[in-house]
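*Asks:* Got final.pdb for you, PDB, C-alpha atoms:
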```pdb
ATOM      1  CA  MET A   1      62.985 142.875  75.399  1.00  0.00           C
ATOM      2  CA  ALA A   2      62.205 144.848  78.579  1.00  0.00           C
ATOM      3  CA  GLY A   3      61.427 141.622  80.463  1.00  0.00           C
ATOM      4  CA  LYS A   4      64.967 140.285  79.916  1.00  0.00           C
ATOM      5  CA  VAL A   5      66.875 143.386  81.046  1.00  0.00           C
ATOM      6  CA  ASN A   6      67.327 144.297  84.696  1.00  0.00           C
ATOM      7  CA  LEU A   7      68.377 147.927  84.237  1.00  0.00           C
ATOM      8  CA  ASP A   8      67.417 150.783  81.992  1.00  0.00           C
ATOM      9  CA  ILE A   9      68.962 154.212  81.480  1.00  0.00           C
ATOM     10  CA  GLN A  10      66.786 155.960  84.056  1.00  0.00           C
ATOM     11  CA  THR A  11      67.433 153.327  86.754  1.00  0.00           C
ATOM     12  CA  ILE A  12      71.173 153.698  86.275  1.00  0.00           C
ATOM     13  CA  LEU A  13      70.903 157.482  86.305  1.00  0.00           C
ATOM     14  CA  ASP A  14      68.778 157.580  89.467  1.00  0.00           C
ATOM     15  CA  LYS A  15      70.868 155.049  91.412  1.00  0.00           C
ATOM     16  CA  GLU A  16      72.323 156.505  94.577  1.00  0.00           C
ATOM     17  CA  PHE A  17      74.975 154.770  96.624  1.00  0.00           C
ATOM     18  CA  ASN A  18      75.380 154.924 100.353  1.00  0.00           C
ATOM     19  CA  VAL A  19      78.526 156.757 101.298  1.00  0.00           C
ATOM     20  CA  ASP A  20      80.543 155.161 104.058  1.00  0.00           C
ATOM     21  CA  PHE A  21      83.663 156.392 105.680  1.00  0.00           C
ATOM     22  CA  LYS A  22      85.707 153.982 103.596  1.00  0.00           C
ATOM     23  CA  GLY A  23      83.379 154.048 100.574  1.00  0.00           C
ATOM     24  CA  TYR A  24      84.116 154.589  96.891  1.00  0.00           C
ATOM     25  CA  ASN A  25      84.791 158.013  95.488  1.00  0.00           C
ATOM     26  CA  ALA A  26      81.373 159.263  94.347  1.00  0.00           C
ATOM     27  CA  SER A  27      82.729 161.147  91.315  1.00  0.00           C
ATOM     28  CA  GLU A  28      84.517 158.002  90.070  1.00  0.00           C
ATOM     29  CA  VAL A  29      81.331 155.972  90.469  1.00  0.00           C
ATOM     30  CA  ASP A  30      79.338 158.652  88.641  1.00  0.00           C
ATOM     31  CA  ALA A  31      81.867 158.806  85.812  1.00  0.00           C
ATOM     32  CA  PHE A  32      81.825 155.036  85.445  1.00  0.00           C
ATOM     33  CA  LEU A  33      78.025 154.909  85.518  1.00  0.00           C
ATOM     34  CA  ASP A  34      77.950 157.598  82.818  1.00  0.00           C
ATOM     35  CA  LEU A  35      79.999 155.272  80.621  1.00  0.00           C
ATOM     36  CA  VAL A  36      77.667 152.373  81.441  1.00  0.00           C
ATOM     37  CA  MET A  37      74.636 154.508  80.528  1.00  0.00           C
ATOM     38  CA  GLU A  38      76.191 155.543  77.203  1.00  0.00           C
ATOM     39  CA  ASP A  39      76.915 151.923  76.338  1.00  0.00           C
ATOM     40  CA  TYR A  40      73.460 150.877  77.460  1.00  0.00           C
ATOM     41  CA  GLN A  41      71.855 153.588  75.319  1.00  0.00           C
ATOM     42  CA  THR A  42      73.900 152.471  72.324  1.00  0.00           C
ATOM     43  CA  TYR A  43      72.883 148.875  73.024  1.00  0.00           C
ATOM     44  CA  GLN A  44      69.212 149.840  73.154  1.00  0.00           C
ATOM     45  CA  GLU A  45      69.446 151.848  69.914  1.00  0.00           C
ATOM     46  CA  ILE A  46      71.180 148.997  68.088  1.00  0.00           C
ATOM     47  CA  THR A  47      68.658 146.482  69.416  1.00  0.00           C
ATOM     48  CA  THR A  48      65.724 148.659  68.352  1.00  0.00           C
ATOM     49  CA  GLU A  49      67.219 149.172  64.891  1.00  0.00           C
ATOM     50  CA  LEU A  50      67.908 145.460  64.447  1.00  0.00           C
ATOM     51  CA  ASN A  51      64.420 144.503  65.613  1.00  0.00           C
ATOM     52  CA  GLN A  52      62.951 146.892  63.044  1.00  0.00           C
ATOM     53  CA  LYS A  53      65.122 145.345  60.328  1.00  0.00           C
ATOM     54  CA  ILE A  54      64.076 141.865  61.424  1.00  0.00           C
ATOM     55  CA  SER A  55      60.417 142.843  61.222  1.00  0.00           C
ATOM     56  CA  GLU A  56      60.907 144.377  57.780  1.00  0.00           C
ATOM     57  CA  LEU A  57      62.784 141.318  56.519  1.00  0.00           C
ATOM     58  CA  GLU A  58      60.141 138.968  57.927  1.00  0.00           C
ATOM     59  CA  ARG A  59      57.431 140.923  56.083  1.00  0.00           C
ATOM     60  CA  THR A  60      59.473 140.841  52.874  1.00  0.00           C
ATOM     61  CA  ASN A  61      60.158 137.133  53.333  1.00  0.00           C
ATOM     62  CA  ALA A  62      56.474 136.379  53.877  1.00  0.00           C
ATOM     63  CA  SER A  63      55.564 138.381  50.778  1.00  0.00           C
ATOM     64  CA  LEU A  64      58.156 136.589  48.661  1.00  0.00           C
ATOM     65  CA  ARG A  65      57.058 133.189  49.972  1.00  0.00           C
ATOM     66  CA  ALA A  66      53.471 134.001  49.015  1.00  0.00           C
ATOM     67  CA  LYS A  67      54.571 135.029  45.511  1.00  0.00           C
ATOM     68  CA  LEU A  68      56.658 131.866  45.202  1.00  0.00           C
ATOM     69  CA  ILE A  69      53.724 129.676  46.195  1.00  0.00           C
ATOM     70  CA  GLU A  70      51.501 131.527  43.725  1.00  0.00           C
ATOM     71  CA  GLU A  71      54.022 131.117  40.900  1.00  0.00           C
ATOM     72  CA  GLU A  72      54.575 127.445  41.705  1.00  0.00           C
ATOM     73  CA  GLY A  73      50.817 126.916  41.536  1.00  0.00           C
ATOM     74  CA  LYS A  74      50.604 128.688  38.181  1.00  0.00           C
ATOM     75  CA  THR A  75      53.515 126.649  36.853  1.00  0.00           C
ATOM     76  CA  ARG A  76      51.928 123.381  37.955  1.00  0.00           C
ATOM     77  CA  ALA A  77      48.630 124.415  36.397  1.00  0.00           C
ATOM     78  CA  LEU A  78      50.310 125.292  33.099  1.00  0.00           C
ATOM     79  CA  GLU A  79      52.296 122.069  33.069  1.00  0.00           C
ATOM     80  CA  ALA A  80      49.189 120.018  33.767  1.00  0.00           C
ATOM     81  CA  ASN A  81      46.976 121.873  31.262  1.00  0.00           C
ATOM     82  CA  PRO A  82      48.967 123.546  28.504  1.00  0.00           C
ATOM     83  CA  THR A  83      47.076 126.159  26.550  1.00  0.00           C
ATOM     84  CA  PRO A  84      46.323 125.596  22.870  1.00  0.00           C
ATOM     85  CA  ALA A  85      48.797 128.359  22.016  1.00  0.00           C
ATOM     86  CA  GLN A  86      51.532 126.515  23.914  1.00  0.00           C
ATOM     87  CA  GLN A  87      50.628 123.247  22.206  1.00  0.00           C
ATOM     88  CA  GLY A  88      50.600 125.034  18.852  1.00  0.00           C
ATOM     89  CA  ALA A  89      53.980 126.597  19.542  1.00  0.00           C
ATOM     90  CA  ALA A  90      55.393 123.194  20.449  1.00  0.00           C
ATOM     91  CA  ASN A  91      53.925 121.775  17.237  1.00  0.00           C
ATOM     92  CA  VAL A  92      55.386 124.599  15.151  1.00  0.00           C
ATOM     93  CA  ASP A  93      58.800 123.975  16.700  1.00  0.00           C
ATOM     94  CA  LEU A  94      58.521 120.280  15.880  1.00  0.00           C
ATOM     95  CA  LEU A  95      57.487 121.049  12.293  1.00  0.00           C
ATOM     96  CA  LYS A  96      60.449 123.397  11.860  1.00  0.00           C
ATOM     97  CA  ARG A  97      62.851 120.774  13.165  1.00  0.00           C
ATOM     98  CA  ILE A  98      61.367 118.131  10.870  1.00  0.00           C
ATOM     99  CA  SER A  99      61.622 120.510   7.924  1.00  0.00           C
ATOM    100  CA  ARG A 100      65.300 121.198   8.623  1.00  0.00           C
ATOM    101  CA  LEU A 101      66.029 117.493   8.979  1.00  0.00           C
ATOM    102  CA  GLU A 102      64.195 116.726   5.745  1.00  0.00           C
ATOM    103  CA  SER A 103      66.107 119.403   3.878  1.00  0.00           C
ATOM    104  CA  GLN A 104      69.382 118.041   5.200  1.00  0.00           C
ATOM    105  CA  VAL A 105      68.514 114.425   4.410  1.00  0.00           C
ATOM    106  CA  PHE A 106      66.843 115.003   1.061  1.00  0.00           C
ATOM    107  CA  GLY A 107      69.251 117.771   0.137  1.00  0.00           C
ATOM    108  CA  ALA A 108      72.140 115.370   0.697  1.00  0.00           C
ATOM    109  CA  GLN A 109      70.378 112.683  -1.389  1.00  0.00           C
ATOM    110  CA  GLN A 110      69.707 115.137  -4.230  1.00  0.00           C
ATOM    111  CA  ASP A 111      73.347 116.207  -4.190  1.00  0.00           C
ATOM    112  CA  LYS A 112      74.407 112.562  -4.532  1.00  0.00           C
ATOM    113  CA  GLN A 113      71.958 111.954  -7.367  1.00  0.00           C
ATOM    114  CA  GLY A 114      73.119 115.088  -9.143  1.00  0.00           C
ATOM    115  CA  LYS A 115      76.749 113.962  -9.004  1.00  0.00           C
ATOM    116  CA  GLU A 116      75.981 110.506 -10.387  1.00  0.00           C
TER
END
```
Represent the supplied structure as structure tokens.

*Replies:*
Amino acid sequence: MAGKVNLDIQTILDKEFNVDFKGYNASEVDAFLDLVMEDYQTYQEITTELNQKISELERTNASLRAKLIEEEGKTRALEANPTPAQQGAANVDLLKRISRLESQVFGAQQDKQGKE
């Protein structure tokens, strides 16, 4: 940041102007430069704060990207090689669905036979 800026607070504060016969009023110049220094100080504080936030967010972003990559890898590994428990759970779900369908189909057939 320092390489891009021509002035800093101390340079503005230490600046002395040559006084000519028809020169500017020194107190007006000083008052104006005081305002410039205040704004410049505020600018530097905001820039420093924002750079710190950027650094923090970049660290957080890098951490979250690493976690995302890790989780994507785990997901791919699980999808490619399901565990026996996962296969068993899928089988149990299928058996439950088949059982419900059978009870609906055969239950409906038994109700018809009972009415006849």

*Asks:* Residues of segment 25-61 of chain A that approach segment 3-14 of chain A to 8 Å or less, counting only C-alpha atoms: could you list each one with the shortest pair of atoms and its distance in Å to one decimal, rows by chain and increasing residue number, as CSV?

*Replies:*
```
residue,atom,partner,partner_atom,distance
A:Leu33,CA,A:Ile12,CA,7.0
A:Asp34,CA,A:Leu13,CA,7.9
A:Met37,CA,A:Ile9,CA,5.8
A:Tyr40,CA,A:Ile9,CA,6.9
A:Gln41,CA,A:Ile9,CA,6.8
```

*Asks:* Just to confirm, what's the straight-line distance from atom CA of Lys15 of chain A to atom CA of Val29 of chain A in Å (one decimal)?

*Replies:*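 Computed distance, atom CA of Lys15 of chain A to atom CA of Val29 of chain A, equals 10.5 Å.
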
*Asks:* Calculate, to one decimal in Å, the centre and edge lengths of the box along x, y and z of the file that holds all listed atoms of segment 1-18 of chain A with 3 Å of margin on each side, and present them as AutoDock Vina command-line options.

*Replies:*
```
--center_x 68.4 --center_y 148.9 --center_z 87.9 --size_x 20.0 --size_y 23.3 --size_z 31.0
```

*Asks:* Kindly give the distance, in Å, that separates atom CA of Lys74 of chain A and atom CA of Leu95 of chain A, rounded to a single decimal.

*Replies:* 27.9 Å

*Asks:* What is the atom CA of Ser99 of chain A to atom CA of Asn81 of chain A distance in Å?

*Replies:*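 Between these atoms lies a distance of 27.6 Å.
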
*Asks:* Put segment 62-93 of chain A into a file with N, CA, C and O atoms, as a compact mmCIF listing (two decimals), in the first residue's frame.

*Replies:*
```txt
# COMPACT_ATOMS: atom_id res chain seq x y z
N ALA A 62 -10.12 -20.31 2.49
CA ALA A 62 -9.19 -21.41 2.22
C ALA A 62 -9.52 -22.61 3.10
O ALA A 62 -9.51 -23.76 2.63
N SER A 63 -9.85 -22.36 4.36
CA SER A 63 -10.21 -23.44 5.27
C SER A 63 -11.48 -24.14 4.80
O SER A 63 -11.55 -25.38 4.79
N LEU A 64 -12.47 -23.36 4.41
CA LEU A 64 -13.73 -23.95 3.95
C LEU A 64 -13.56 -24.71 2.63
O LEU A 64 -14.18 -25.75 2.43
N ARG A 65 -12.71 -24.19 1.75
CA ARG A 65 -12.44 -24.91 0.50
C ARG A 65 -11.77 -26.25 0.79
O ARG A 65 -12.10 -27.26 0.17
N ALA A 66 -10.85 -26.27 1.74
CA ALA A 66 -10.18 -27.52 2.10
C ALA A 66 -11.19 -28.51 2.67
O ALA A 66 -11.16 -29.70 2.32
N LYS A 67 -12.09 -28.05 3.52
CA LYS A 67 -13.12 -28.93 4.09
C LYS A 67 -14.05 -29.45 3.00
O LYS A 67 -14.44 -30.62 3.01
N LEU A 68 -14.39 -28.56 2.06
CA LEU A 68 -15.27 -28.97 0.96
C LEU A 68 -14.61 -30.05 0.11
O LEU A 68 -15.24 -31.06 -0.22
N ILE A 69 -13.35 -29.87 -0.21
CA ILE A 69 -12.63 -30.86 -1.00
C ILE A 69 -12.56 -32.18 -0.24
O ILE A 69 -12.76 -33.26 -0.82
N GLU A 70 -12.31 -32.11 1.06
CA GLU A 70 -12.26 -33.32 1.88
C GLU A 70 -13.61 -34.04 1.88
O GLU A 70 -13.67 -35.26 1.70
N GLU A 71 -14.68 -33.28 2.07
CA GLU A 71 -16.02 -33.88 2.10
C GLU A 71 -16.41 -34.44 0.74
O GLU A 71 -17.05 -35.49 0.66
N GLU A 72 -16.05 -33.75 -0.33
CA GLU A 72 -16.35 -34.27 -1.66
C GLU A 72 -15.61 -35.58 -1.89
O GLU A 72 -16.16 -36.52 -2.48
N GLY A 73 -14.38 -35.66 -1.44
CA GLY A 73 -13.61 -36.90 -1.56
C GLY A 73 -14.26 -38.03 -0.78
O GLY A 73 -14.36 -39.16 -1.26
N LYS A 74 -14.68 -37.74 0.44
CA LYS A 74 -15.35 -38.76 1.26
C LYS A 74 -16.65 -39.22 0.60
O LYS A 74 -16.95 -40.41 0.58
N THR A 75 -17.39 -38.27 0.05
CA THR A 75 -18.66 -38.60 -0.60
C THR A 75 -18.41 -39.50 -1.81
O THR A 75 -19.11 -40.50 -2.00
N ARG A 76 -17.43 -39.14 -2.62
CA ARG A 76 -17.10 -39.97 -3.79
C ARG A 76 -16.67 -41.36 -3.36
O ARG A 76 -17.05 -42.35 -3.98
N ALA A 77 -15.89 -41.43 -2.30
CA ALA A 77 -15.42 -42.74 -1.82
C ALA A 77 -16.60 -43.58 -1.32
O ALA A 77 -16.66 -44.79 -1.58
N LEU A 78 -17.52 -42.96 -0.62
CA LEU A 78 -18.69 -43.70 -0.12
C LEU A 78 -19.61 -44.13 -1.26
O LEU A 78 -20.17 -45.23 -1.23
N GLU A 79 -19.75 -43.27 -2.26
CA GLU A 79 -20.60 -43.63 -3.39
C GLU A 79 -19.98 -44.77 -4.20
O GLU A 79 -20.69 -45.64 -4.69
N ALA A 80 -18.68 -44.75 -4.32
CA ALA A 80 -17.99 -45.79 -5.09
C ALA A 80 -17.94 -47.10 -4.33
O ALA A 80 -18.05 -48.18 -4.93
N ASN A 81 -17.78 -47.06 -3.03
CA ASN A 81 -17.65 -48.26 -2.20
C ASN A 81 -18.56 -48.16 -0.98
O ASN A 81 -18.11 -47.85 0.11
N PRO A 82 -19.85 -48.46 -1.16
CA PRO A 82 -20.73 -48.37 0.01
C PRO A 82 -20.36 -49.43 1.05
O PRO A 82 -19.93 -50.53 0.71
N THR A 83 -20.52 -49.07 2.29
CA THR A 83 -20.21 -49.99 3.37
C THR A 83 -21.29 -51.06 3.46
O THR A 83 -22.41 -50.86 2.98
N PRO A 84 -20.97 -52.19 4.06
CA PRO A 84 -21.99 -53.24 4.21
C PRO A 84 -23.22 -52.74 4.99
O PRO A 84 -24.34 -53.13 4.68
N ALA A 85 -23.01 -51.87 5.95
CA ALA A 85 -24.13 -51.33 6.72
C ALA A 85 -25.05 -50.52 5.80
O ALA A 85 -26.28 -50.60 5.90
N GLN A 86 -24.45 -49.73 4.90
CA GLN A 86 -25.25 -48.95 3.96
C GLN A 86 -26.00 -49.87 3.00
O GLN A 86 -27.16 -49.64 2.69
N GLN A 87 -25.33 -50.91 2.53
CA GLN A 87 -25.99 -51.86 1.64
C GLN A 87 -27.11 -52.57 2.38
O GLN A 87 -28.20 -52.77 1.84
N GLY A 88 -26.85 -52.94 3.63
CA GLY A 88 -27.87 -53.60 4.44
C GLY A 88 -29.06 -52.69 4.69
O GLY A 88 -30.21 -53.12 4.62
N ALA A 89 -28.80 -51.43 4.95
CA ALA A 89 -29.87 -50.47 5.18
C ALA A 89 -30.71 -50.31 3.91
O ALA A 89 -31.95 -50.24 3.98
N ALA A 90 -30.05 -50.25 2.77
CA ALA A 90 -30.77 -50.15 1.50
C ALA A 90 -31.62 -51.40 1.29
O ALA A 90 -32.77 -51.32 0.84
N ASN A 91 -31.06 -52.57 1.64
CA ASN A 91 -31.81 -53.81 1.49
C ASN A 91 -33.01 -53.86 2.43
O ASN A 91 -34.09 -54.32 2.05
N VAL A 92 -32.83 -53.40 3.66
CA VAL A 92 -33.93 -53.38 4.61
C VAL A 92 -35.04 -52.46 4.10
O VAL A 92 -36.23 -52.81 4.18
N ASP A 93 -34.66 -51.30 3.57
CA ASP A 93 -35.66 -50.39 3.02
C ASP A 93 -36.43 -51.05 1.88
O ASP A 93 -37.65 -50.94 1.79
```
